[in-house]
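Structure below is data.txt: compact mmCIF, C-alpha atoms.
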# COMPACT_ATOMS: atom_id res chain seq x y z
CA MET A 1 -58.53 -80.62 -244.23
CA LEU A 2 -60.95 -80.67 -247.14
CA VAL A 3 -60.82 -79.30 -250.67
CA LYS A 4 -63.48 -79.25 -253.36
CA ILE A 5 -62.91 -78.87 -257.08
CA ALA A 6 -65.56 -78.93 -259.77
CA SER A 7 -65.21 -81.18 -262.79
CA ALA A 8 -67.67 -82.78 -265.17
CA ALA A 9 -68.94 -86.09 -266.46
CA VAL A 10 -70.60 -86.88 -269.78
CA LEU A 11 -73.89 -88.74 -269.84
CA GLY A 12 -75.04 -89.39 -273.39
CA LEU A 13 -74.97 -86.01 -275.12
CA GLU A 14 -75.36 -84.10 -271.88
CA ALA A 15 -72.91 -83.42 -269.10
CA TYR A 16 -73.26 -82.72 -265.41
CA GLN A 17 -71.03 -81.34 -262.74
CA VAL A 18 -68.92 -83.71 -260.69
CA GLU A 19 -67.62 -82.34 -257.45
CA ILE A 20 -64.26 -83.75 -256.46
CA GLU A 21 -63.81 -83.69 -252.72
CA ILE A 22 -60.44 -84.53 -251.25
CA ASP A 23 -60.02 -85.11 -247.57
CA SER A 24 -56.60 -85.63 -246.03
CA SER A 25 -55.94 -87.23 -242.69
CA ARG A 26 -52.76 -88.18 -240.96
CA GLY A 27 -51.90 -91.83 -240.66
CA LEU A 28 -50.58 -94.62 -242.82
CA PRO A 29 -49.86 -93.34 -246.34
CA GLY A 30 -52.33 -94.17 -249.08
CA GLN A 31 -55.38 -93.01 -250.96
CA SER A 32 -58.75 -94.30 -251.96
CA ILE A 33 -61.08 -93.05 -254.67
CA VAL A 34 -64.79 -93.43 -254.01
CA GLY A 35 -67.87 -92.39 -255.96
CA LEU A 36 -68.16 -95.28 -258.43
CA PRO A 37 -64.90 -94.79 -260.33
CA ASP A 38 -64.17 -97.07 -263.27
CA ALA A 39 -60.76 -98.58 -263.82
CA ALA A 40 -59.41 -95.53 -265.67
CA VAL A 41 -60.37 -93.26 -262.79
CA ARG A 42 -58.96 -95.60 -260.18
CA GLU A 43 -55.69 -95.77 -262.07
CA SER A 44 -55.44 -92.01 -261.96
CA ARG A 45 -53.81 -92.15 -258.54
CA ASP A 46 -50.68 -93.63 -260.06
CA ARG A 47 -50.59 -90.98 -262.76
CA VAL A 48 -51.29 -88.27 -260.23
CA ARG A 49 -48.47 -89.41 -257.97
CA ALA A 50 -45.93 -89.48 -260.77
CA ALA A 51 -47.16 -86.21 -262.27
CA ILE A 52 -46.97 -84.35 -258.95
CA GLU A 53 -43.47 -85.61 -258.25
CA ASN A 54 -42.26 -84.84 -261.77
CA SER A 55 -43.70 -81.32 -261.69
CA GLY A 56 -41.44 -80.22 -258.88
CA PHE A 57 -44.02 -80.65 -256.14
CA GLU A 58 -43.97 -83.06 -253.27
CA PHE A 59 -46.46 -85.86 -253.02
CA PRO A 60 -48.10 -85.14 -249.67
CA PRO A 61 -47.93 -87.65 -246.81
CA GLY A 62 -51.01 -89.04 -245.13
CA TYR A 63 -54.18 -90.79 -246.16
CA PHE A 64 -56.44 -89.24 -248.80
CA THR A 65 -60.06 -89.96 -249.45
CA ILE A 66 -61.14 -88.73 -252.86
CA ASN A 67 -64.87 -88.58 -253.45
CA LEU A 68 -66.45 -88.00 -256.84
CA ALA A 69 -69.91 -86.63 -256.06
CA PRO A 70 -72.68 -87.42 -256.93
CA ALA A 71 -71.72 -90.86 -255.69
CA ASN A 72 -74.46 -92.77 -257.48
CA THR A 73 -73.33 -92.33 -261.08
CA ARG A 74 -70.44 -94.19 -262.63
CA LYS A 75 -67.44 -91.96 -263.45
CA GLU A 76 -65.52 -92.90 -266.54
CA GLY A 77 -62.35 -91.85 -268.21
CA PRO A 78 -59.14 -90.15 -267.24
CA LEU A 79 -60.43 -86.56 -267.20
CA TYR A 80 -60.29 -86.33 -263.39
CA ASP A 81 -56.49 -86.64 -263.24
CA LEU A 82 -55.87 -82.91 -263.35
CA PRO A 83 -58.51 -81.88 -260.79
CA ILE A 84 -57.40 -84.65 -258.42
CA ALA A 85 -53.76 -83.60 -258.72
CA LEU A 86 -54.65 -79.94 -258.15
CA GLY A 87 -56.77 -80.96 -255.19
CA MET A 88 -53.87 -82.87 -253.65
CA LEU A 89 -51.65 -79.81 -254.00
CA LEU A 90 -54.35 -77.60 -252.47
CA VAL A 91 -55.11 -79.93 -249.60
CA SER A 92 -51.42 -80.17 -248.70
CA GLU A 93 -51.20 -76.38 -248.98
CA GLN A 94 -48.46 -76.46 -251.58
CA ILE A 95 -50.50 -74.03 -253.62
CA THR A 96 -53.34 -71.71 -252.73
CA ALA A 97 -56.27 -71.15 -255.02
CA ILE A 98 -57.60 -67.71 -255.68
CA GLU A 99 -59.20 -68.64 -258.97
CA LEU A 100 -61.26 -71.66 -258.00
CA ALA A 101 -64.75 -70.18 -257.77
CA ASP A 102 -67.09 -71.25 -260.61
CA THR A 103 -64.19 -73.01 -262.28
CA LEU A 104 -64.36 -76.41 -263.92
CA VAL A 105 -61.22 -78.48 -264.34
CA VAL A 106 -60.76 -81.39 -266.74
CA GLY A 107 -57.66 -83.08 -268.09
CA GLU A 108 -55.70 -86.27 -268.26
CA LEU A 109 -52.18 -86.24 -266.85
CA SER A 110 -49.12 -87.85 -268.28
CA LEU A 111 -46.43 -89.09 -265.94
CA ASP A 112 -44.17 -86.12 -266.64
CA GLY A 113 -46.83 -83.67 -265.49
CA GLY A 114 -48.08 -82.72 -268.93
CA VAL A 115 -51.79 -82.46 -269.65
CA ARG A 116 -53.27 -84.68 -272.35
CA PRO A 117 -56.47 -84.04 -274.29
CA VAL A 118 -59.74 -85.61 -273.18
CA SER A 119 -62.96 -86.38 -275.02
CA GLY A 120 -66.44 -85.04 -274.44
CA LEU A 121 -65.53 -81.40 -273.95
CA LEU A 122 -68.13 -80.09 -276.35
CA ALA A 123 -70.88 -81.72 -274.30
CA ILE A 124 -69.34 -80.53 -271.04
CA CYS A 125 -69.08 -76.92 -272.16
CA PHE A 126 -72.51 -76.99 -273.72
CA SER A 127 -74.26 -78.28 -270.62
CA LEU A 128 -72.33 -76.36 -267.99
CA ALA A 129 -71.77 -72.99 -269.66
CA LYS A 130 -74.71 -71.51 -267.83
CA SER A 131 -73.69 -72.57 -264.33
CA HIS A 132 -69.96 -71.89 -264.54
CA ARG A 133 -67.72 -69.06 -265.48
CA ARG A 134 -64.48 -70.69 -266.43
CA ILE A 135 -63.03 -74.01 -267.51
CA LEU A 136 -59.45 -75.27 -267.40
CA VAL A 137 -58.92 -77.53 -270.39
CA PRO A 138 -56.00 -79.32 -272.03
CA LYS A 139 -54.40 -77.10 -274.64
CA GLU A 140 -55.31 -79.47 -277.46
CA ASN A 141 -58.98 -79.23 -276.50
CA ALA A 142 -59.14 -75.45 -276.27
CA ALA A 143 -60.49 -74.92 -279.79
CA GLU A 144 -63.25 -77.45 -279.19
CA ALA A 145 -64.25 -75.97 -275.83
CA ALA A 146 -64.22 -72.41 -277.15
CA LEU A 147 -66.96 -73.24 -279.65
CA ILE A 148 -69.49 -72.78 -276.86
CA LYS A 149 -70.12 -69.22 -275.85
CA GLY A 150 -70.29 -68.16 -272.23
CA LEU A 151 -67.29 -69.98 -270.80
CA GLU A 152 -63.83 -68.59 -270.30
CA VAL A 153 -61.61 -71.32 -271.75
CA ILE A 154 -58.21 -71.48 -270.10
CA PRO A 155 -55.83 -73.76 -272.00
CA VAL A 156 -53.18 -75.45 -269.86
CA SER A 157 -50.38 -77.68 -271.04
CA SER A 158 -49.02 -78.93 -267.73
CA LEU A 159 -49.92 -79.47 -264.10
CA LYS A 160 -47.44 -76.80 -263.08
CA GLU A 161 -49.04 -74.28 -265.41
CA ALA A 162 -52.49 -75.07 -264.04
CA ALA A 163 -51.26 -74.76 -260.46
CA GLU A 164 -49.62 -71.44 -261.15
CA TYR A 165 -52.74 -70.18 -262.83
CA LEU A 166 -54.98 -71.20 -259.93
CA SER A 167 -52.74 -69.55 -257.40
CA GLY A 168 -52.64 -66.38 -259.46
CA GLN A 169 -48.93 -66.47 -260.18
CA THR A 170 -49.40 -66.44 -263.93
CA LYS A 171 -52.16 -65.18 -266.12
CA ILE A 172 -53.37 -67.23 -269.05
CA LYS A 173 -55.27 -65.56 -271.82
CA PRO A 174 -58.65 -67.20 -272.42
CA TYR A 175 -58.77 -69.04 -275.73
CA GLN A 176 -61.21 -67.60 -278.24
CA VAL A 177 -62.33 -68.61 -281.71
CA ASP A 178 -63.98 -66.43 -284.31
CA LEU A 179 -67.30 -68.24 -284.56
CA GLU A 180 -68.50 -66.40 -287.66
CA LYS A 181 -65.39 -67.18 -289.61
CA LEU A 182 -65.54 -70.75 -288.44
CA SER A 183 -69.15 -71.25 -289.45
CA LEU A 184 -68.33 -69.88 -292.90
CA GLN A 185 -65.50 -72.37 -293.17
CA LEU A 186 -67.78 -75.14 -292.06
CA GLN A 187 -70.41 -74.13 -294.58
CA ASN A 188 -67.85 -74.19 -297.37
CA ALA A 189 -66.52 -77.52 -296.27
CA LYS A 190 -70.01 -78.92 -296.13
CA GLU A 191 -70.85 -77.77 -299.64
CA ARG A 192 -67.59 -79.12 -300.96
CA ARG A 193 -68.28 -82.41 -299.33
CA ILE A 194 -71.72 -82.69 -300.82
CA ASP A 195 -70.44 -81.80 -304.29
CA ARG A 196 -67.78 -84.43 -304.03
CA ALA A 197 -70.16 -87.04 -302.70
CA GLY A 198 -72.62 -86.23 -305.47
CA GLU A 199 -69.96 -86.78 -308.08
CA LEU A 200 -69.08 -90.09 -306.62
CA LEU A 201 -72.60 -91.33 -306.37
CA GLY A 202 -73.89 -90.10 -309.70
CA SER A 203 -75.81 -87.08 -308.49
CA HIS A 204 -79.09 -88.86 -308.10
CA PRO A 205 -81.47 -86.37 -306.41
CA TYR A 206 -82.56 -88.85 -303.79
CA ILE A 207 -78.98 -89.76 -302.94
CA LEU A 208 -78.07 -86.09 -302.75
CA LYS A 209 -80.94 -85.44 -300.39
CA ARG A 210 -79.94 -88.42 -298.25
CA ILE A 211 -76.34 -87.23 -298.14
CA TRP A 212 -77.50 -83.78 -297.15
CA GLU A 213 -79.45 -85.29 -294.27
CA ILE A 214 -76.58 -87.44 -293.17
CA ASN A 215 -74.22 -84.47 -293.32
CA LYS A 216 -76.61 -82.41 -291.27
CA PHE A 217 -76.78 -85.15 -288.70
CA SER A 218 -73.08 -85.67 -288.79
CA TYR A 219 -72.61 -82.21 -287.36
CA GLN A 220 -75.18 -82.83 -284.73
CA TYR A 221 -73.61 -86.11 -283.71
CA ASN A 222 -70.05 -84.98 -284.20
CA ILE A 223 -69.21 -87.57 -286.84
CA SER A 224 -66.22 -86.55 -288.89
CA PRO A 225 -66.13 -87.16 -292.65
CA CYS A 226 -63.52 -89.30 -294.35
CA GLU A 227 -60.48 -87.24 -295.28
CA ASN A 228 -60.12 -88.69 -298.78
CA CYS A 229 -63.62 -88.83 -300.18
CA GLY A 230 -65.44 -86.33 -297.99
CA ASN A 231 -68.06 -88.91 -297.18
CA ILE A 232 -68.99 -89.75 -293.67
CA ASN A 233 -68.18 -93.17 -292.47
CA LEU A 234 -71.20 -95.40 -292.86
CA MET A 235 -70.29 -97.32 -289.73
CA ASP A 236 -70.35 -94.10 -287.72
CA ALA A 237 -73.64 -93.09 -289.26
CA ASN A 238 -74.99 -96.51 -288.51
CA PHE A 239 -73.83 -96.16 -284.97
CA ALA A 240 -75.66 -92.87 -284.63
CA GLY A 241 -78.77 -94.53 -286.04
CA LEU A 242 -78.88 -92.51 -289.26
CA VAL A 243 -78.54 -95.25 -291.85
CA GLU A 244 -78.88 -98.97 -291.93
CA ILE A 245 -76.13 -101.12 -293.29
CA ASN A 246 -77.22 -104.42 -294.70
CA MET B 1 -36.10 -120.17 -241.23
CA GLY B 2 -32.75 -121.64 -240.32
CA LYS B 3 -30.55 -120.27 -237.60
CA GLU B 4 -28.06 -119.02 -240.14
CA SER B 5 -30.47 -116.91 -242.15
CA TYR B 6 -31.93 -115.61 -238.91
CA GLU B 7 -28.48 -114.39 -237.95
CA ILE B 8 -28.00 -112.78 -241.34
CA GLY B 9 -31.26 -110.94 -240.81
CA GLN B 10 -30.22 -109.87 -237.33
CA ARG B 11 -26.89 -108.55 -238.57
CA GLY B 12 -28.66 -106.64 -241.31
CA GLU B 13 -31.01 -105.07 -238.81
CA ASP B 14 -28.14 -104.02 -236.59
CA LEU B 15 -26.45 -102.35 -239.55
CA ALA B 16 -29.69 -100.72 -240.68
CA ALA B 17 -30.47 -99.42 -237.18
CA GLU B 18 -27.02 -97.91 -236.91
CA TYR B 19 -27.33 -96.38 -240.38
CA LEU B 20 -30.74 -94.88 -239.60
CA ALA B 21 -29.58 -93.53 -236.24
CA ASN B 22 -26.76 -91.76 -238.06
CA HIS B 23 -29.34 -90.22 -240.37
CA GLY B 24 -31.40 -88.69 -237.62
CA TYR B 25 -33.88 -91.48 -237.06
CA HIS B 26 -34.82 -92.38 -233.53
CA ILE B 27 -35.32 -96.14 -233.22
CA LEU B 28 -38.43 -96.98 -231.21
CA SER B 29 -38.81 -100.70 -231.64
CA ARG B 30 -37.20 -103.68 -233.31
CA ASN B 31 -38.81 -106.81 -234.67
CA PHE B 32 -42.29 -105.77 -233.75
CA ARG B 33 -44.81 -108.56 -234.33
CA SER B 34 -48.53 -108.65 -234.63
CA GLN B 35 -50.67 -111.72 -235.22
CA GLN B 36 -50.34 -111.56 -238.98
CA GLY B 37 -47.35 -109.39 -239.51
CA GLU B 38 -43.98 -108.13 -238.47
CA ILE B 39 -41.82 -105.08 -238.94
CA ASP B 40 -38.05 -105.05 -238.73
CA LEU B 41 -37.61 -101.54 -237.35
CA ILE B 42 -39.91 -98.81 -236.14
CA ALA B 43 -38.43 -95.35 -235.88
CA SER B 44 -39.39 -91.73 -235.73
CA ASP B 45 -37.94 -89.26 -238.18
CA ARG B 46 -38.83 -85.67 -237.35
CA ASP B 47 -42.65 -85.56 -237.62
CA PHE B 48 -42.91 -89.00 -239.17
CA MET B 49 -43.46 -92.41 -237.78
CA VAL B 50 -41.37 -94.68 -239.98
CA PHE B 51 -41.84 -98.41 -240.47
CA VAL B 52 -38.68 -99.89 -241.91
CA GLU B 53 -38.17 -103.17 -243.73
CA VAL B 54 -34.59 -104.31 -243.90
CA LYS B 55 -33.47 -106.34 -246.88
CA ASN B 56 -30.12 -107.91 -246.32
CA TYR B 57 -28.46 -109.62 -249.23
CA SER B 58 -25.69 -111.76 -247.85
CA PHE B 59 -24.43 -112.81 -251.24
CA ARG B 60 -24.68 -111.64 -254.79
CA SER B 61 -26.05 -114.25 -257.05
CA PHE B 62 -29.20 -112.81 -258.55
CA GLY B 63 -27.93 -109.62 -260.10
CA LEU B 64 -28.54 -106.24 -258.58
CA PRO B 65 -30.67 -106.20 -255.45
CA SER B 66 -33.88 -104.24 -255.46
CA ALA B 67 -35.96 -102.67 -252.77
CA ALA B 68 -39.04 -104.34 -254.19
CA ILE B 69 -41.29 -106.00 -251.65
CA ARG B 70 -43.91 -108.57 -252.52
CA ARG B 71 -47.50 -107.91 -251.78
CA GLU B 72 -47.76 -110.50 -249.00
CA LYS B 73 -44.81 -108.89 -247.27
CA ARG B 74 -46.30 -105.42 -247.70
CA GLN B 75 -49.53 -106.58 -246.19
CA SER B 76 -47.71 -108.16 -243.29
CA ILE B 77 -45.89 -104.88 -242.65
CA ILE B 78 -49.08 -102.84 -242.96
CA HIS B 79 -50.90 -105.13 -240.56
CA ALA B 80 -48.15 -104.85 -238.01
CA ALA B 81 -48.02 -101.07 -238.48
CA ARG B 82 -51.74 -100.75 -237.80
CA THR B 83 -51.38 -102.91 -234.71
CA TYR B 84 -48.47 -100.85 -233.46
CA LEU B 85 -50.34 -97.58 -233.95
CA TYR B 86 -53.38 -99.00 -232.24
CA ARG B 87 -51.57 -100.50 -229.26
CA ASN B 88 -49.59 -97.35 -228.63
CA ARG B 89 -52.63 -95.15 -229.19
CA ILE B 90 -50.86 -93.12 -231.83
CA LYS B 91 -53.24 -90.96 -233.77
CA ASN B 92 -52.83 -88.01 -236.07
CA LYS B 93 -49.30 -88.83 -236.97
CA ASN B 94 -48.00 -89.06 -240.51
CA CYS B 95 -46.48 -92.41 -241.26
CA ARG B 96 -44.12 -93.68 -243.89
CA PHE B 97 -42.81 -97.02 -245.07
CA ASP B 98 -39.08 -97.12 -245.78
CA VAL B 99 -36.88 -99.90 -247.04
CA VAL B 100 -33.20 -100.34 -246.25
CA ALA B 101 -31.31 -102.52 -248.70
CA ILE B 102 -27.93 -103.86 -247.68
CA TYR B 103 -25.67 -105.66 -250.08
CA ARG B 104 -22.08 -106.18 -251.04
CA ARG B 105 -20.46 -105.01 -254.23
CA LEU B 106 -18.41 -107.43 -256.25
CA ASP B 107 -15.24 -106.02 -254.68
CA GLY B 108 -16.61 -106.89 -251.24
CA SER B 109 -17.45 -103.40 -250.02
CA ARG B 110 -20.77 -103.05 -248.26
CA VAL B 111 -23.51 -100.73 -249.52
CA ILE B 112 -26.46 -99.53 -247.46
CA GLU B 113 -29.26 -97.84 -249.36
CA LEU B 114 -32.31 -96.14 -247.89
CA PHE B 115 -35.52 -95.91 -249.90
CA GLN B 116 -37.92 -93.48 -248.30
CA ASN B 117 -41.63 -93.81 -248.97
CA ALA B 118 -41.01 -97.16 -250.61
CA PHE B 119 -44.68 -98.16 -250.70
CA PHE B 120 -48.09 -97.18 -249.43
CA LEU B 121 -51.51 -98.64 -248.76
CA THR B 122 -53.20 -99.89 -251.90

What is this structure when it is put down as structure tokens?
Amino acid sequence: MLVKIASAAVLGLEAYQVEIEIDSSRGLPGQSIVGLPDAAVRESRDRVRAAIENSGFEFPPGYFTINLAPANTRKEGPLYDLPIALGMLLVSEQITAIELADTLVVGELSLDGGVRPVSGLLAICFSLAKSHRRILVPKENAAEAALIKGLEVIPVSSLKEAAEYLSGQTKIKPYQVDLEKLSLQLQNAKERRIDRAGELLGSHPYILKRIWEINKFSYQYNISPCENCGNINLMDANFAGLVEIN
Amino acid sequence: MGKESYEIGQRGEDLAAEYLANHGYHILSRNFRSQQGEIDLIASDRDFMVFVEVKNYSFRSFGLPSAAIRREKRQSIIHAARTYLYRNRIKNKNCRFDVVAIYRRLDGSRVIELFQNAFFLT
């Protein structure tokens, strides 16, 4: 029996689709994850086991081969926990999926079956909005994912909720943000930040111009400003190659 | 292993086999050995092939007993299980590793505990 679920991996500022294939066979119990997983991905089997059992499902018997295709790129991070767990439930026929077509799934699992936020969603949504229709994301990430138009963002807070959604038992309203209102807020925040920074630095025109540039880039590179002074962290900016720190 | 501890192990296996039989297991083999491993009991439970490790604690001196099995022991059991499946040409059957822990309470009464799905291939 074989099940495929689509997920994503981040490469730099871009993302690409990762297909998670789960094959079950009878035999001695166990599982192996192939497709160049890093340690966080390999550890997901322990989280998945605990999460499935603590969500009221049964961890299926047999041997499972989990392949993260394409197999030649290294997969990092815990964002494959949720798709792997859903795949295990599908492959053991504990749930049936009627909502799986064109759907991406990302999310880290906690041992109690809850879904934790992951990083890199903006890049994932941005790169894959054209090729997919829907994405299941951790609830905490919904606002971030909804910034990109063209994807139906389904926020889930637990494995059980995700399973019920996939099998059509419950409906979840897609998360939406008012982009116009948000951009206005961002604009205001940006101006405030520049005013504040100008005050601090003595309003020298060159410094103001430099700050404006850095702020512009900070949006592009997703660098968040300091909460107290409104300035962006010079280390972050340095990391993104915007300034040099001597 | 001395004769005494061997007998303790034997007694434990007798008890475990009886306990499992009462719980619907069908005992297929006892003390199965392969070149690098051994299994105390092999049984079938409904659709499952079950490989059982019996842990018999003859005395209580190290606190509460656990069903924990060291990695070397797990590997020995897994090796023997593979050999058994291969020799008997068993394919397409779901398997399980169980542990039976037998110990005495402080008041002397005997406790038999069954841990299903105690471990799996790593």

Sort by chain and increasing residue number a table of all residues of chain B within 10 Å of chain A, each with its closest pair of atoms and their distance in Å to one decimal, counting all atoms listed in the file, and write it as a tab-separated table.
residue	atom	partner	partner_atom	distance
B:Phe48	CA	A:Pro61	CA	9.2
B:Met49	CA	A:Gly27	CA	8.9
B:Val50	CA	A:Leu28	CA	9.6
B:Phe51	CA	A:Leu28	CA	9.8
B:Ile78	CA	A:Leu28	CA	8.4
B:Ala81	CA	A:Leu28	CA	8.2
B:Arg82	CA	A:Leu28	CA	8.0
B:Leu85	CA	A:Gly27	CA	9.0
B:Ile90	CA	A:Gly27	CA	9.0
B:Lys91	CA	A:Gly27	CA	7.1
B:Asn92	CA	A:Arg26	CA	4.9
B:Lys93	CA	A:Arg26	CA	5.3
B:Asn94	CA	A:Gly27	CA	4.8
B:Cys95	CA	A:Leu28	CA	4.9
B:Arg96	CA	A:Pro29	CA	6.3
B:Phe97	CA	A:Pro29	CA	8.1
B:Asn117	CA	A:Pro29	CA	8.7
B:Phe119	CA	A:Pro29	CA	8.3
B:Phe120	CA	A:Gly30	CA	5.2
B:Leu121	CA	A:Gly30	CA	4.6
B:Thr122	CA	A:Gly30	CA	6.4

Which residues come within 6 Å of segment 101-105 of chain B, counting all atoms listed in the file, excluding same-chain residues fewer than 5 positions away, as JSON, numbers by chain? {"B": [55, 56, 57, 110, 111, 112, 113]}

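Atom CA of Asn54 of chain A is positioned 6.0 Å from atom CA of Gly113 of chain A.
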
Would you list the contacts of Glu13 of chain B as a list of chain:residue names, taking every protein, DNA or RNA residue within 12 Å and counting only C-alpha atoms, but skipping same-chain residues closer than 5 positions in sequence?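 With the cut-off at 12 Å, the set is B:Tyr6, B:Glu7, B:Ile8, B:Glu18, B:Tyr19, B:Leu20, B:Ala21, B:Ile27, B:Ser29, B:Arg30, B:Asn31, B:Ile39, B:Asp40, B:Leu41, B:Ile42, B:Val52, B:Glu53, B:Val54, B:Lys55, B:Asn56, B:Tyr57, B:Val99, B:Val100, B:Ala101, B:Ile102, B:Ile112.
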
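With all atoms listed in the file taken into account, the protein and nucleic acid residues at most 10 Å from Ile95 of chain A (excluding it and anything under 2 positions from it in its own chain) are Phe57, Leu86, Gly87, Met88, Leu89, Leu90, Val91, Ser92, Glu93, Ala97, Ile98, Ala163, Glu164, Leu166, Ser167 and Gly168 of chain A.
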
Atomic distance atom CA of Leu128 of chain A - atom CA of Ile148 of chain A, expressed in Å with one decimal: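 Interatomic distance, atom CA of Leu128 of chain A to atom CA of Ile148 of chain A: 10.0 Å.
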
Asn22 of chain B surroundings by all atoms listed in the file, 12 Å radius, close-in-sequence under 6 positions cut, as a list of chain:residue names: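 My list of contacting residues is B:Leu15, B:Ala16, B:Asp45.
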
How would the residues just chosen look if you wrote them out with C-alpha atoms as an mmCIF file, in the coordinates of the input?
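The resulting file, result.cif, is reproduced below:
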data_model
loop_
_atom_site.group_PDB
_atom_site.id
_atom_site.type_symbol
_atom_site.label_atom_id
_atom_site.label_comp_id
_atom_site.auth_asym_id
_atom_site.auth_seq_id
_atom_site.Cartn_x
_atom_site.Cartn_y
_atom_site.Cartn_z
ATOM 1 C CA LEU B 15 -26.450 -102.350 -239.550
ATOM 2 C CA ALA B 16 -29.690 -100.720 -240.680
ATOM 3 C CA ASP B 45 -37.940 -89.260 -238.180
#

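With all atoms listed in the file as the basis for measurement, B:Ala118 is the residue among B:Ser34, B:Ala118, B:Glu4, B:Arg87 that approaches Arg70 of chain B most closely.
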
Please provide the set of residues having any atom within 8 Å of Ser127 of chain A, restricted to all atoms listed in the file, with same-chain residues fewer than 5 positions apart removed, written as a short mmCIF file (atom, residue, chain, number, x, y, z; two decimals) with C-alpha atoms, in the coordinates of the input.
data_model
loop_
_atom_site.label_atom_id
_atom_site.label_comp_id
_atom_site.auth_asym_id
_atom_site.auth_seq_id
_atom_site.Cartn_x
_atom_site.Cartn_y
_atom_site.Cartn_z
CA GLU A 14 -75.36 -84.10 -271.88
CA ALA A 15 -72.91 -83.42 -269.10
CA TYR A 16 -73.26 -82.72 -265.41
#

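When atom CA of Leu68 of chain A is paired with atom CA of Ile33 of chain A, their separation reads 7.7 Å.
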
Among the residues A:Val48, A:Ala69, A:Cys125, A:Ala146, the one that comes closest to Ser110 of chain A [using all atoms listed in the file]: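 Answer, going by the shortest atom-to-atom distance: A:Val48.
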
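With distances restricted to only C-alpha atoms, A:Ala8 is the closest residue to Pro78 of chain A from A:Leu104, A:Leu179, A:Ala8, A:Leu2.
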